[in-house]
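The structure appears right after this line, and notes come after that.
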Amino acid sequence: MKVERWTRTSRVFTGGLAVSVVILAAVPLIFDPDVVQKLTTLLILVLLAAMWNALAGYGGLLSVGQQAFIGMGAYATVFFANLGVPPYAAMLVATVVAGAISVPISLFALRLRAAQFAIGMWVIAEVASIVVRLDQNLGAGTGISLIQLNQYEPNFRQAYTFWLALGFAVIFLAALFLLLRSPLGVSLQAIRDDEDAARSIGVRVASRKRLLFVLAAFGCSAAGVLVVANTLFIEPGSVFSVQWSAYMIFMVLVGGLGTFEGPILGAILLFAIQATFTQGGPWYLVGLGATAAVFALALPRGLWGTVEERLGLRLMPVGYRVVGAKREETDG
Amino acid sequence: MTILNAILQGIFLGAFYAVLACGLSIMFGVMRIINLAHGDVAVLGAYIVLVIVDRTGVSAFVAFLIALPVMVVLGYALHFSVLERSLRAGILTPLLATFGLSIVIQNLLQLAFSPDVHSLGGSAGAVTTSSWQVTGGLSVSALGVLVLVTAVVVFGALQLLLSNTRLGWMMRATAEDADAAELVGINSRAVYASATALAVVIAALGGLFLGIRSVFDPVSGPTQLIFAFEAVVIGGMGSLWGTLLGGIALGIAQTLGAQIHPQFAVLAGHLLFLAVLVARFGGARVVLRTAR
């Protein structure tokens with residue numbers, strides 16, 4: 001009997017993922033700007049889904065307020081660009097600043113459980129939204145454009161933004177991947193499976209959760225930065241909207257809560273649905289909400305979790321498998 | 001005098017929040033879950049009243065009485081379709097499922113009634129317009145008094161229900177320990193369903209007041225949910241009378257905030273809520289842990 005991480009499938013897939021990142025990097029050289037813009041949206045969705053899953057899937061922290069960081073990332077970009085920082089540098093500064101706000105928030109937010117945490121984060125997002133509305137320099141309630149990006153040729157601008165999105169997605173997914181594979185990751189997966197049991201065998205649950213909370217905040221801030229770079233205009237009503245949480249919940253629940261691959265699958269599905277129902281509209285949202293509720297009740301492991309369970313398929317090696325005579329396997 | 005008047009108006013506003021929060025408090029007390037669609041259920045109630053008013057021409061209050069049986073049925077349906085399943089599946093599932101339900105209700109209302117705003121004020125009679133001028137700066141509106149009296153009556157009736165009726169005893173027993181309650185012959189399934197139905201009916205009363213006090217549209221629900229939840233938390237989760245006081249504290253914070261700047265009204269309420277969480281998180285943590 002031996003313990004292994006990599007299987008042939010996961011080797012092939014992880015290698016394939018690396019190759020596909022290289023191929024994706026060439027997208028702006030080949031496709032029209034509007035295709036590039038759509039794919040940037042897909043990368044934003046992947047990033048958001050992975051970050052929401054890091055919180056809920058591994059930390060057991062269900063937030064309905066991650067739009068706080070999306071909005072702060074977006075508005076911080078405009079704020080620093082207006083101070084004269086070059087726009088793409090402003091985006092990096094904004095990601096760090098908006099993400100860092102999560103550290104003081106975590107000091108008290110992580111003490112809350114279940115609904116208190118979920119709605120507490122939502123209220124924090126509402127507060128951030130009201131503060132922006134009070135600031136005339138940020139366009140108050142009517143919104144503001146990132147005019148500094150107009151200095152670039154549209155084709156180049158769309159390409160730069162796409163590469164930034166690809167970079168952010170790779171960095172944050174790799175960070176999550178490495179985190180889950182590290183010794184810390186084993187304790188995170190233990191918390192995911194049973195928080196009280198993990199605590200009783202000495203896992204420092206609070207500090208592990210803080211790590212995930214801060215990672216997710218940086219990731220959502222990066223997504224917010226990309227939103228303003230991709231659309232060039234933001235308003236508090238949409239960038240701080242709870243609709244972001246609805247999308248994140250949908251992607252993660254359908255893809256597979258607590259799996260690494262699931263949220264990526266969920267993001268691709270949501271992207272495909274959005275591309276199909278371009279009109280949006282109430283029926284589309286009724287469908288999203290109902291699907292999320294049905295998955296929560298009937299298929300809590302989501303599509304990928306179910307596939308993984310049935311077939312023992314593991315594309316990204318974040319756990320261990322025990323290979324014995326009976327080829328029995330376990331999770332990390 | 002304007003401060004005194006702001007506080008008075010805050011009490012009236014807070015009584016409205018307390019009515020909205022009451023059902024949330026009942027469900028948390030009995031089942032330890034928060035229904036994220038609670039605000040949307042209240043708005044749904046307002047729309048049902050609106051439809052009855054439009055079809056029959058009766059006043060909004062009569063329409064609410066007609067709507068009551070519908071709300072009871074909806075409450076049981078909500079429980080058996082969504083909540084009962086989610087209760088068995090851990091602490092995050094009720095939140096996820098009811099959040100999905102919230103989106104469904106908002107958008108079905110959008111489809112049925114268009115995104116336009118509606119009000120029940122016109123069909124509520126003289127109560128919406130009459131007020132008494134106590135002194136120069138202090139005015140007491142009939143509607144404010146009506147909402148406050150209703151809130152006290154609702155909370156008082158609930159207290160009587162919990163302490164003097166068989167259903168109330170069963171609710172308290174189930175809240176204390178559902179398994180032990182089952183052992184002595186209480187059907188916890190039925191008790192949970194009754195608690196949900198009760199919560200939905202009172203949410204609809206909140207929706208009625210929302211429609212009479214101001215306007216509502218299909219997406220008004222989430223804001224009402226946040227205010228209701230803030231009232232529950234400020235008053236102390238799981239405490240019934242605490243919810244009434246929490247609602248009033250929230251209302252006063254909002255009207256006092258509005259004195260500084262209209263935009264500060266909601267902000268002041270949020271800040272009070274966050275301050276209470278910061279001040280009490282140690283205690284709240286213990287309560288929640290013992291609750292599980």
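The chains in the structure tokens are called A, B, ... from first to last as shown; in each chain the residues are counted from 1, and the ligands are counted from 1 in the order shown.
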Closest atom pairs, residues of chain A within 7 Å of chain B, only C-alpha atoms, as a Markdown table:
| residue | atom | partner | partner_atom | distance |
| --- | --- | --- | --- | --- |
| A:Leu62 | CA | B:Leu92 | CA | 6.9 |
| A:Phe108 | CA | B:Val278 | CA | 6.3 |
| A:Arg111 | CA | B:Phe281 | CA | 6.4 |
| A:Leu112 | CA | B:Arg285 | CA | 6.8 |
| A:Ala114 | CA | B:Leu92 | CA | 6.5 |
| A:Ala115 | CA | B:Ile34 | CA | 6.3 |
| A:Val123 | CA | B:His270 | CA | 6.5 |
| A:Val127 | CA | B:Leu267 | CA | 6.3 |
| A:Ile130 | CA | B:Leu267 | CA | 6.9 |
| A:Pro282 | CA | B:Asn107 | CA | 4.9 |
| A:Leu285 | CA | B:Asn107 | CA | 6.6 |
| A:Val286 | CA | B:Val104 | CA | 4.5 |
| A:Gly289 | CA | B:Gly100 | CA | 4.2 |
| A:Ala290 | CA | B:Gly100 | CA | 5.9 |
| A:Ala292 | CA | B:Gly100 | CA | 5.6 |
| A:Ala293 | CA | B:Ala97 | CA | 4.3 |
| A:Ala296 | CA | B:Ala97 | CA | 5.8 |
| A:Leu297 | CA | B:Ser86 | CA | 6.0 |
Pick out the residues sitting within 7 Å of segment 120-131 of chain B, and hand them over as a VMD selection string; count only C-alpha atoms, and ignore anything fewer than 3 positions along from it in its own chain. chain B and resid 50 59 to 61 139 to 143 211 to 213
What is the atom CA of Leu166 of chain A to atom CA of Lys38 of chain A distance in Å? 12.7 Å
So how many Å separate atom CA of Val93 of chain A and atom CA of Ala68 of chain A, to one decimal?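 Result for atom CA of Val93 of chain A versus atom CA of Ala68 of chain A: 17.0 Å, one decimal.
All residues of protein, DNA or RNA that reach within 12 Å of Ala272 of chain A, judged by only C-alpha atoms and not counting those fewer than 4 positions away in the chain, are Lys38, Leu39, Thr41, Leu42, Leu45, Met251, Leu265, Gly266, Ala267, Ile268, Thr276, Phe277 and Thr278 of chain A.
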Do you know which residues are at most 10 Å from Val30 of chain B counting only C-alpha atoms, after dropping those on the same chain fewer than 4 positions away, and could you put them as a ChimeraX atom specification? /B:25-26,170-178,191-192,195-196,238
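The gap separating atom CA of Pro218 of chain B from atom CA of Val152 of chain B is 28.4 Å, in Å to one decimal.
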Within 9 Å of Ser129 of chain A, counting only C-alpha atoms, which residues qualify if same-chain residues fewer than 6 places away don't, as JSON, numbers by chain? {"A": [68, 71, 72, 141, 236, 237, 239, 240, 241]}
